[in-house]
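J.: I'd like to ask some things about the structure below.
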Amino acid sequence: MSTTPSDSYPPTPSLSSLATSVDSLSNSSRSKASFSNNSYRFGTLCVTTEHKDQFGASSVPIYQTATFKGMPGGQYDYTRSGNPTRTALETQLARLYECRRAFAVSTGMTALDMIIRLVSPGDVIIAGDDIYGGTDRLLTFTKTNGGADVRHIDMTSQEQLDAVLEECGTKVKMVLIESPTNPMLKVLDIKRIADSVHTVSPDSLIVVDNTMMSPYLQRPLNLGADIIYDSGTKYLSGHHDVMAGIIAVEREEVVKRIAFLINSTGTGLAPFDCHVLLRGLKTLSIRMDRQASTASMVASYLDTLGFHVNFPGLLSHPGRDIHFRQADGAGAVLSFSTGDVAMSERIVGGTRLWGVSVSFGCVNSLISMPCVMSHASIAADKRAERGLPEDLIRLCVGIEDPRDLIDDLERSLLEAGAIYKRFDDSASIPTTPTTSSIPESAHASAVINHAFMADPASAESWAVQRAKRFRRGGAQLDSCEEDAAVGRAAAIAGTADETETLGHRLGEKLDIQQTSAQAQEDIVVSAPGKVIMFGEHAVVHGVTAIAASINLRCFAILNKRPDQCIRLDLPDMALYEKEWTLDSLPWDEFTASPLADGRAPAELDQVSLKALEAFLHDDGLPANAHVAALAILYLYMTLCNHGVRRGASYCARSALPIGAGLGSSASYAACISAAFLQLFGLLSVPSSTKGRPDVTYPGRQAINDSQATLINEWAFLAEKVIHGNPSGIDNAVAVRGGGLTFERAINGKQGGMKSLQGFKSVRLLLTDTRVPRQTKLLVAGVGERMTADPAWGTRMMDGIQSISDEAQALLTDVSKSRGDFVTGLSSLLDRNHEYLAELGVSHPALELIRTKTGSAPYHLSTKLTGAGGGGCAVTLIPDDFSTDRLKALLSELRKSGFRPYLTSVGGSGLGILDASTGATAIDLDASGAGESSHIPLREAFHEVNAEELETWAERTGDWLFI
Ligand SMILES: N[C@@H](CCSC[C@H](N)C(=O)O)C(=O)O
């Protein structure tokens with residue numbers, strides 16, 4: 001390795017015959033002028049080649065041959081040394097890069113390897129601190145094994161560059177840069193760097209990785225660079241169907257040295273791959289135009305939502321001016337951070353159209369987390385040192401319809417809890433924007449689509465308007481925890497009876513308002529139901545079960561009353577406005593009370609429970625309403641027993657089918673807990689920051705872990721009132737949301753619950769058979785059979801455990817492609833059902849649903865969920881399952897007497913309506929179609945159909961979630 005020019009290089013074996021040797025190439029001696037005189041612009045150059053074929057072939061033929069006949073002297077002898085298809089490609093690349101010579105090698109990393117071989121032991125290489133992981137890996141190898149002195153600095157800093165130049169002087173032989181950088185999209189001033197380095201060390205080679213831009217947007221040789229390399233796998237080919245690397249060089253002596261290395265190492269690109277790359281190049285400019293314009297929309301969309309977005313096209317980008325001095329566009333890669341690795345994982349895992357994949361530049365849009373994917377080869381401590389955020393998400397925009405891309409991203413952001421709908425969203429954003437160029441009368445979608453695409457400014461403003469319908473969630477603030485505890489302790493001591501604003505103690509960051517009945521009219525809460533995805537029944541015998549929240553929820557409103565009465569209203573359980581005076585409640589026998597710090601007692605107080613049961617004995621309510629009333633009054637009276645008795649009205653509604661095994665009782669229990677804890681001042685809820693754009697809305701993690709634990713403990717107590725001896729899994733899902741695993745502490749297992757990080761969202765169809773379940777009998781039946789036939793039992797349990805293990809890995813593997821994920825999950829659902837059927841817990845109605853969903857034209861996977869013997873079936877709906885087909889399936893299931901519910905799994909846990917944003921009245925007819933009818937929030941809650949509860953909730957205000 002040497003940086004001294006060509007004479008130190010041995011001649012290639014047969015200089016005259018080798019196309020890779022510079023002397024023999026048709027374009028080797030051609031000066032740049034031969035094509036810069038050409039009046040064609042870039043887009044035209046892309047589709048025209050200089051190739052002349054003996055038969056006039058329109059497309060460059062593939063010379064799929066290793067050797068060429070003839071004695072030395074011919075143009076080609078051996079494909080390693082040269083091949084006509086490669087020559088055609090290299091000629092075309094040289095036209096596009098406006099350089100003396102371009103080389104095509106097997107990958108981008110090969111290109112870098114060829115270039116790094118120009119450096120000798122002891123030479124100094126300066127490289128950026130934000131670079132592609134593979135580049136870092138090769139540089140580290142060169143440092144360790146090749147003896148080069150590699151320095152990583154922040155290349156945006158002239159001071160840092162000057163310092164190394166001053167220290168190393170002419171020992172600096174190579175400077176390696178990316179602009180914009182991968183993945184932080186930092187912009188480096190290529191000309192400034194080249195000038196500074198060449199002034200101190202004239203022989204030094206300025207090497208630019210131009211992959212992010214392609215020659216269409218940036219030609220660094222014109223900015224003082226000596227060598228460009230480009231991963232042809234990306235924009236140049238554009239379809240992710242070939243690997244290639246390009247080296248573009250202007251200086252004759254560098255051309256010779258690179259040609260020598262490629263021939264000597266045999267890294268030249270194979271003929272078929274050259275052909276594929278040649279084809280990709282033809283559409284480079286139009287692909288790039290479309291990708292860049294969509295990227296700009298996506299960047300503006302995310303920026304408006306309040307994420308920290310790295311994209312040189314944004315006005316806020318610190319390197320924007322430099323970038324547009326040296327490049328003709330912002331490109332189509334952007335990155336943003338969420339502040340929370342788990343949230344980023346959920347976002348990445350939740351997208352359907354954006355493929356989870358490394359690489360960029362493809363016509364298909366990709367999403368990735370660089371720290372675990374493209375940049376995983378950089379050690380974690382080095383990543384941290386260089387300021388590469390672990391939660392960073394990189395988006396590589398393709399050519400899909402931008403509206404579909406934003407739809408998909410938005411859905412995933414919502415499901416991940418990264419953004420929330422603003423309740424005061426008055427601007428309704430049309431699905432397809434009206435642009436200035438669309439005639440009023442134009443209805444044909446093709447016309448609208450064309451106008452949309454042709455008017456980037458309108459398209460971008462559409463993205464911005466659309467983002468304004470949402471607000472961003474953020475990371476939880478530790479300080480909330482402390483102040484929540486202060487609030488709780490004060491309430492217990494009886495000093496926080498009335499409103500107390502703790503915001504002043506928290507400084508500027510977040511207002512914490514201790515919630516008390518007088519601070520707000522309504523305390524509004526909600527909690528999700530759950531679905532057991534894997535391991536039901538087997539969990540009783542020590543197998544891991546996996547449960548996840550679903551987006552069907554229960555909701556509750558609690559009001560403090562001035563009189564001394566407690567009123568319950570559970571319309572979905574036929575309990576209407578039952579009211580008792582506080583004096584009439586059995587206080588004498590009811591001695592249960594909270595622990596000293598406001599936490600829930602671990603066990604039910606049986607004397608108190610019996611007293612309450614006796615009190616409600618002849619209430620005439622249906623069984624489910626009776627136990628719900630029992631649970632509400634049990635928690636209420638226990639909390640009153642700490643000192644203050646408060647009159648209240650409590651109303652709960654459910655979008656979840658009740659008694660179908662979807663966790664409705666736990667969802668009710670979580671609502672009871674969160675609502676009454678607020679009533680008694682035991683729960684401090686951070687308020688949003690309406691009117692304070694400087695403060696991040698806390699969103700999904702607004703309710704911190706200690707508050708979640710408190711809510712969950714009380715919810716578990718309510719579940720005990722309802723079920724006697726519940727496992728705790730349902731209330732944990734209802735409170736915490738997402739997915740979790742659960743194991744009983746038997747068979748030597750430690751037992752417990754674990755939340756599944758990076759849990760991926762998926763669409764499910766839950767079909768209620770409407771056949772009542774007999775859980776206890778079914779569980780007992782499985783147990784008896786296991787005792788009678790232990791070998792069978794072991795086979796069953798081992799089989800289900802391995803399904804649970806595979807499912808855990810699949811649900812949390814962010815690197816799995818969406819397609820593989822959905823296929824894998826489908827097969828696990830089928831396998832688990834087969835075991836459950838063999839355990840004897842299925843039912844003819846469940847088997848009928850399986851047959852209907854599994855046969856043509858649907859071909860879907862279904863399993864029973866929960867106890868079986870009736871109850872619900874769960875069917876996985878793949879992302880690409882058409883709406884028409886889904887409608888047909890729903891109608892078929894309804895015709896058979898079933899009740900199907902379309903839902904998704906893995907969403908938010910317990911939510912509390914932010915008091916400061918809550919509406920006191922809402923317009924039930926916000927469509928504008930009929931007469932406006934403003935009615936109080938509470939009445940509206942009573943009025944809406946169960947299916948409309950979610951929409952009702954969205955319009956009541958901003959929600960804070962666990
Ligand atoms: N496993 C590969 C990762 C390739 S990343 C490809 C690309 N340059 C990108 O930035 O996405 C490796 O370790 O090299």
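By convention in this document, the chains of the structure tokens carry letters A, B, ... by their order, each chain's residues are numbered from 1, and ligands are numbered from 1 in the order they are shown.
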Which chain A residues have any atom within 8 Å of an atom of ligand 1, and for each, what is the nearest pair of atoms with distance in Å to one decimal, counting only C-alpha atoms and all ligand atoms, rows sorted by chain and number, as JSON lines?
T.:
```
{"residue": "A:Gly108", "atom": "CA", "partner": "ligand 1", "partner_atom_place_in_ligand_line": "8 (N)", "distance": 7.9}
{"residue": "A:Tyr132", "atom": "CA", "partner": "ligand 1", "partner_atom_place_in_ligand_line": "10 (O)", "distance": 5.8}
{"residue": "A:Gly133", "atom": "CA", "partner": "ligand 1", "partner_atom_place_in_ligand_line": "14 (O)", "distance": 7.0}
{"residue": "A:Gly134", "atom": "CA", "partner": "ligand 1", "partner_atom_place_in_ligand_line": "14 (O)", "distance": 4.9}
{"residue": "A:Asn182", "atom": "CA", "partner": "ligand 1", "partner_atom_place_in_ligand_line": "10 (O)", "distance": 6.7}
{"residue": "A:Pro183", "atom": "CA", "partner": "ligand 1", "partner_atom_place_in_ligand_line": "10 (O)", "distance": 7.4}
{"residue": "A:Ser231", "atom": "CA", "partner": "ligand 1", "partner_atom_place_in_ligand_line": "8 (N)", "distance": 7.6}
{"residue": "A:Ser357", "atom": "CA", "partner": "ligand 1", "partner_atom_place_in_ligand_line": "11 (O)", "distance": 7.5}
{"residue": "A:Val358", "atom": "CA", "partner": "ligand 1", "partner_atom_place_in_ligand_line": "11 (O)", "distance": 3.9}
{"residue": "A:Ser359", "atom": "CA", "partner": "ligand 1", "partner_atom_place_in_ligand_line": "11 (O)", "distance": 3.1}
{"residue": "A:Phe360", "atom": "CA", "partner": "ligand 1", "partner_atom_place_in_ligand_line": "11 (O)", "distance": 5.9}
{"residue": "A:Pro370", "atom": "CA", "partner": "ligand 1", "partner_atom_place_in_ligand_line": "11 (O)", "distance": 7.5}
{"residue": "A:Met373", "atom": "CA", "partner": "ligand 1", "partner_atom_place_in_ligand_line": "3 (C)", "distance": 6.2}
{"residue": "A:Ser374", "atom": "CA", "partner": "ligand 1", "partner_atom_place_in_ligand_line": "5 (S)", "distance": 3.8}
{"residue": "A:His375", "atom": "CA", "partner": "ligand 1", "partner_atom_place_in_ligand_line": "5 (S)", "distance": 7.0}
{"residue": "A:Ala376", "atom": "CA", "partner": "ligand 1", "partner_atom_place_in_ligand_line": "13 (O)", "distance": 7.0}
{"residue": "A:Ser377", "atom": "CA", "partner": "ligand 1", "partner_atom_place_in_ligand_line": "13 (O)", "distance": 6.1}
```
J.: Write the selection just made, keeping C-alpha atoms, as a compact mmCIF listing (two decimals), in the first residue's frame?
T.:
```txt
# COMPACT_ATOMS: atom_id res chain seq x y z
CA GLY A 108 -20.06 -0.39 -1.84
CA TYR A 132 -22.10 4.15 8.07
CA GLY A 133 -21.47 1.16 10.38
CA GLY A 134 -19.78 -0.89 7.64
CA ASN A 182 -25.56 8.26 7.59
CA PRO A 183 -27.69 8.18 9.73
CA SER A 231 -23.06 2.00 -3.10
CA SER A 357 -34.91 -3.32 6.38
CA VAL A 358 -31.40 -2.00 6.15
CA SER A 359 -30.27 -0.11 3.06
CA PHE A 360 -31.91 2.81 1.25
CA PRO A 370 -29.67 2.12 12.78
CA MET A 373 -29.31 -2.67 12.13
CA SER A 374 -27.07 -0.74 9.71
CA HIS A 375 -24.86 0.64 12.49
CA ALA A 376 -24.88 -2.35 14.84
CA SER A 377 -21.22 -3.02 13.97
```
J.: Fewer than 6 positions away in the same chain doesn't count, so skip those; otherwise give me all residues within 8 Å of His152 in chain A, counting only C-alpha atoms, as a list in words.
T.: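 Neighbouring residues, sequence-local ones excluded: Ile126, Ala127, Gly128 and Asp129 of chain A.
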J.: Excluding Met343 in chain A and residues on its chain fewer than 2 positions from it, collect all residues at most 12 Å away from it, counting only C-alpha atoms, and give them as an NGL selection string.
T.: :A and (337-341 or 345-350 or 369 or 390-393 or 412-419 or 473-476 or 699-701 or 738 or 756-760 or 814 or 906-908)
J.: Take the residues just selected and output them with C-alpha atoms as a JSON list (two decimals), in the first residue's frame.
T.:
```json
[["chain", "number", "residue", "atom", "x", "y", "z"],
["A", 337, "SER", "CA", -35.72, 10.30, 17.39],
["A", 338, "THR", "CA", -38.58, 9.64, 19.79],
["A", 339, "GLY", "CA", -36.73, 9.80, 23.11],
["A", 340, "ASP", "CA", -37.63, 6.21, 23.94],
["A", 341, "VAL", "CA", -36.11, 3.05, 22.44],
["A", 345, "GLU", "CA", -39.29, -0.23, 18.30],
["A", 346, "ARG", "CA", -43.07, -0.14, 18.41],
["A", 347, "ILE", "CA", -43.17, 2.44, 15.62],
["A", 348, "VAL", "CA", -40.80, 0.48, 13.42],
["A", 349, "GLY", "CA", -42.56, -2.81, 14.16],
["A", 350, "GLY", "CA", -46.00, -1.30, 13.60],
["A", 369, "MET", "CA", -33.31, 1.49, 13.71],
["A", 390, "GLU", "CA", -30.28, 4.38, 20.32],
["A", 391, "ASP", "CA", -33.89, 5.37, 19.66],
["A", 392, "LEU", "CA", -33.08, 6.85, 16.24],
["A", 393, "ILE", "CA", -35.41, 5.77, 13.43],
["A", 412, "SER", "CA", -48.01, 3.24, 13.57],
["A", 413, "LEU", "CA", -47.18, 6.44, 15.50],
["A", 414, "LEU", "CA", -50.68, 6.42, 16.95],
["A", 415, "GLU", "CA", -50.58, 2.75, 17.87],
["A", 416, "ALA", "CA", -47.16, 3.21, 19.46],
["A", 417, "GLY", "CA", -48.49, 6.08, 21.54],
["A", 418, "ALA", "CA", -46.02, 8.49, 19.97],
["A", 419, "ILE", "CA", -48.75, 10.88, 18.86],
["A", 473, "GLY", "CA", -46.22, 12.10, 23.07],
["A", 474, "GLY", "CA", -42.93, 12.17, 24.90],
["A", 475, "ALA", "CA", -40.85, 10.42, 27.48],
["A", 476, "GLN", "CA", -41.99, 10.36, 31.06],
["A", 699, "GLY", "CA", -48.67, 11.40, 25.88],
["A", 700, "ARG", "CA", -48.25, 7.67, 26.33],
["A", 701, "GLN", "CA", -45.87, 7.71, 29.23],
["A", 738, "GLY", "CA", -48.88, -3.55, 25.10],
["A", 756, "LEU", "CA", -42.70, -7.52, 25.86],
["A", 757, "GLN", "CA", -40.53, -4.68, 24.56],
["A", 758, "GLY", "CA", -40.98, -3.84, 20.91],
["A", 759, "PHE", "CA", -44.29, -5.71, 20.78],
["A", 760, "LYS", "CA", -45.57, -5.47, 17.21],
["A", 814, "VAL", "CA", -37.72, -5.74, 15.12],
["A", 906, "GLY", "CA", -50.57, -3.92, 21.55],
["A", 907, "GLY", "CA", -52.01, -0.42, 22.08],
["A", 908, "SER", "CA", -52.02, 1.92, 25.07]]
```
J.: What is the CA of Arg151 in chain A to CA of Leu261 in chain A distance in Å?
T.: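 Those two atoms sit 24.7 Å apart.
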J.: At what distance in Å, to one decimal, does CA of Ala342 in chain A lie from CA of Ser316 in chain A?
T.: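 Straight-line distance from CA of Ser316 in chain A to CA of Ala342 in chain A works out to 26.9 Å.
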J.: With the cut-off set at 12 Å and counting only C-alpha atoms, tabulate each residue of range 263-301 of chain A with an atom at most that distance from an atom of range 207-213 of chain A, showing the nearest atom pair and its distance in Å to one decimal, ordered by chain and increasing number, as a tab-separated table.
T.:
```
residue	atom	partner	partner_atom	distance
A:Leu284	CA	A:Met213	CA	11.0
A:Ser285	CA	A:Met213	CA	11.1
A:Met288	CA	A:Met213	CA	9.0
A:Asp289	CA	A:Met213	CA	11.4
A:Gln291	CA	A:Met213	CA	11.5
A:Ala292	CA	A:Met213	CA	10.1
```
J.: Calculated over only C-alpha atoms, which of the candidates A:Ala856, A:Val172, A:Ala596, A:Ala295 has the smallest distance to His642 in chain A?
T.: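 With only C-alpha atoms as the atom set, the closest residue is A:Ala596.
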J.: Any idea what's packed within 10 Å of Asp154 in chain A, counting only C-alpha atoms, ignoring anything in its chain fewer than 3 positions away? Could you give it as an NGL selection string?
T.: :A and (127-130 or 157-161 or 186 or 188 or 386)
J.: Using DSSP on the backbone, list every residue of range 759-935 of chain A that comes out as helix (DSSP H, G or I), and give them as a ChimeraX atom specification.
T.: /A:775-788,790-812,818-839,844-854,883-895
J.: Using C-alpha atoms, can you export the residues from the last selection as a compact mmCIF listing (two decimals), in the first residue's frame?
T.:
```txt
# COMPACT_ATOMS: atom_id res chain seq x y z
CA THR A 775 -64.07 -21.92 32.53
CA LYS A 776 -63.80 -23.87 35.77
CA LEU A 777 -65.07 -27.13 34.21
CA LEU A 778 -62.77 -26.80 31.22
CA VAL A 779 -59.70 -26.10 33.37
CA ALA A 780 -60.56 -29.03 35.64
CA GLY A 781 -61.05 -31.31 32.61
CA VAL A 782 -57.56 -30.58 31.29
CA GLY A 783 -56.10 -31.19 34.75
CA GLU A 784 -57.84 -34.55 35.12
CA ARG A 785 -56.64 -35.75 31.74
CA MET A 786 -53.09 -34.71 32.53
CA THR A 787 -53.17 -36.66 35.77
CA ALA A 788 -54.60 -39.70 33.98
CA PRO A 790 -48.86 -37.77 32.24
CA ALA A 791 -46.97 -38.56 29.02
CA TRP A 792 -49.72 -36.97 26.96
CA GLY A 793 -49.74 -34.02 29.36
CA THR A 794 -45.99 -33.48 28.99
CA ARG A 795 -46.21 -33.62 25.20
CA MET A 796 -49.05 -31.09 25.23
CA MET A 797 -47.33 -28.68 27.62
CA ASP A 798 -43.93 -28.92 25.91
CA GLY A 799 -45.55 -28.30 22.53
CA ILE A 800 -47.40 -25.20 23.73
CA GLN A 801 -44.32 -23.89 25.56
CA SER A 802 -42.28 -24.05 22.38
CA ILE A 803 -45.05 -22.12 20.55
CA SER A 804 -44.98 -19.46 23.28
CA ASP A 805 -41.19 -19.23 23.06
CA GLU A 806 -41.29 -18.82 19.28
CA ALA A 807 -44.09 -16.27 19.58
CA GLN A 808 -42.17 -14.18 22.13
CA ALA A 809 -39.17 -14.06 19.84
CA LEU A 810 -41.30 -13.21 16.82
CA LEU A 811 -43.39 -10.51 18.48
CA THR A 812 -40.34 -8.60 19.65
CA ARG A 818 -43.42 -7.59 8.23
CA GLY A 819 -44.28 -10.37 5.79
CA ASP A 820 -42.26 -12.98 7.71
CA PHE A 821 -43.72 -11.71 10.98
CA VAL A 822 -47.34 -12.08 9.83
CA THR A 823 -46.72 -15.50 8.22
CA GLY A 824 -44.90 -16.72 11.34
CA LEU A 825 -47.65 -15.50 13.66
CA SER A 826 -50.37 -17.11 11.52
CA SER A 827 -48.71 -20.47 11.69
CA LEU A 828 -48.20 -20.21 15.47
CA LEU A 829 -51.90 -19.39 15.98
CA ASP A 830 -52.89 -22.46 13.95
CA ARG A 831 -50.46 -24.69 15.82
CA ASN A 832 -51.61 -23.43 19.22
CA HIS A 833 -55.26 -24.04 18.32
CA GLU A 834 -54.52 -27.62 17.30
CA TYR A 835 -53.09 -28.25 20.77
CA LEU A 836 -56.09 -26.56 22.43
CA ALA A 837 -58.46 -28.73 20.40
CA GLU A 838 -56.54 -31.79 21.54
CA LEU A 839 -56.82 -30.55 25.15
CA PRO A 844 -68.22 -26.66 17.51
CA ALA A 845 -68.93 -22.93 17.21
CA LEU A 846 -65.19 -22.17 17.45
CA GLU A 847 -64.39 -24.88 14.89
CA LEU A 848 -67.01 -23.41 12.55
CA ILE A 849 -65.34 -19.99 12.78
CA ARG A 850 -62.01 -21.66 12.06
CA THR A 851 -63.44 -23.41 9.01
CA LYS A 852 -65.06 -20.25 7.68
CA THR A 853 -62.04 -18.02 8.15
CA GLY A 854 -59.57 -20.68 7.03
CA THR A 883 -61.37 -4.30 2.74
CA ASP A 884 -63.91 -5.93 0.41
CA ARG A 885 -62.86 -9.39 1.49
CA LEU A 886 -62.97 -8.35 5.13
CA LYS A 887 -66.49 -6.98 4.71
CA ALA A 888 -67.59 -10.23 3.09
CA LEU A 889 -66.11 -12.25 5.96
CA LEU A 890 -67.74 -10.05 8.62
CA SER A 891 -71.10 -10.42 6.97
CA GLU A 892 -70.70 -14.19 6.66
CA LEU A 893 -69.83 -14.46 10.35
CA ARG A 894 -72.77 -12.27 11.35
CA LYS A 895 -75.13 -14.35 9.22
```
J.: When you count only C-alpha atoms, which of these residues is closest to Arg219 in chain A: A:Ala625, A:Ile190, A:Leu864, A:Leu604?
T.: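 Smallest separation from Arg219 in chain A among the options: A:Ile190.
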J.: Taking a cut-off of 12 Å and counting only C-alpha atoms, can you build a table that, for each residue of range 836-881 of chain A near range 520-540 of chain A, reports the nearest atom pair and how far apart they are in Å (one decimal), sorted by chain then residue number, as a Markdown table?
T.:
```
| residue | atom | partner | partner_atom | distance |
| --- | --- | --- | --- | --- |
| A:Leu836 | CA | A:His537 | CA | 8.1 |
| A:Ala837 | CA | A:His537 | CA | 11.3 |
| A:Glu838 | CA | A:His537 | CA | 11.8 |
| A:Leu839 | CA | A:His537 | CA | 8.7 |
| A:Gly840 | CA | A:His537 | CA | 10.6 |
| A:Val841 | CA | A:His537 | CA | 8.7 |
| A:Ser842 | CA | A:His537 | CA | 11.4 |
| A:Thr862 | CA | A:Met533 | CA | 10.6 |
| A:Lys863 | CA | A:Met533 | CA | 8.6 |
| A:Leu864 | CA | A:Met533 | CA | 9.0 |
| A:Thr865 | CA | A:Ile532 | CA | 5.6 |
| A:Gly866 | CA | A:Glu536 | CA | 5.8 |
| A:Ala867 | CA | A:Glu536 | CA | 6.9 |
| A:Gly868 | CA | A:Glu536 | CA | 8.9 |
| A:Gly869 | CA | A:His537 | CA | 11.7 |
| A:Gly871 | CA | A:Val531 | CA | 11.5 |
| A:Cys872 | CA | A:Val531 | CA | 9.3 |
| A:Ala873 | CA | A:Val531 | CA | 9.8 |
| A:Val874 | CA | A:Met533 | CA | 8.1 |
| A:Thr875 | CA | A:Met533 | CA | 10.2 |
| A:Leu876 | CA | A:Met533 | CA | 10.3 |
```
J.: Closest to Ile227 in chain A among A:Ser81, A:Thr91, A:Ser204, A:Thr769, using only C-alpha atoms?
T.: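 Smallest separation from Ile227 in chain A among the options: A:Ser204.
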J.: Quote the spacing between CA of Val254 in chain A and CA of Asn222 in chain A in Å to one decimal place.
T.: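 For CA of Val254 in chain A relative to CA of Asn222 in chain A, the distance reads 16.1 Å.
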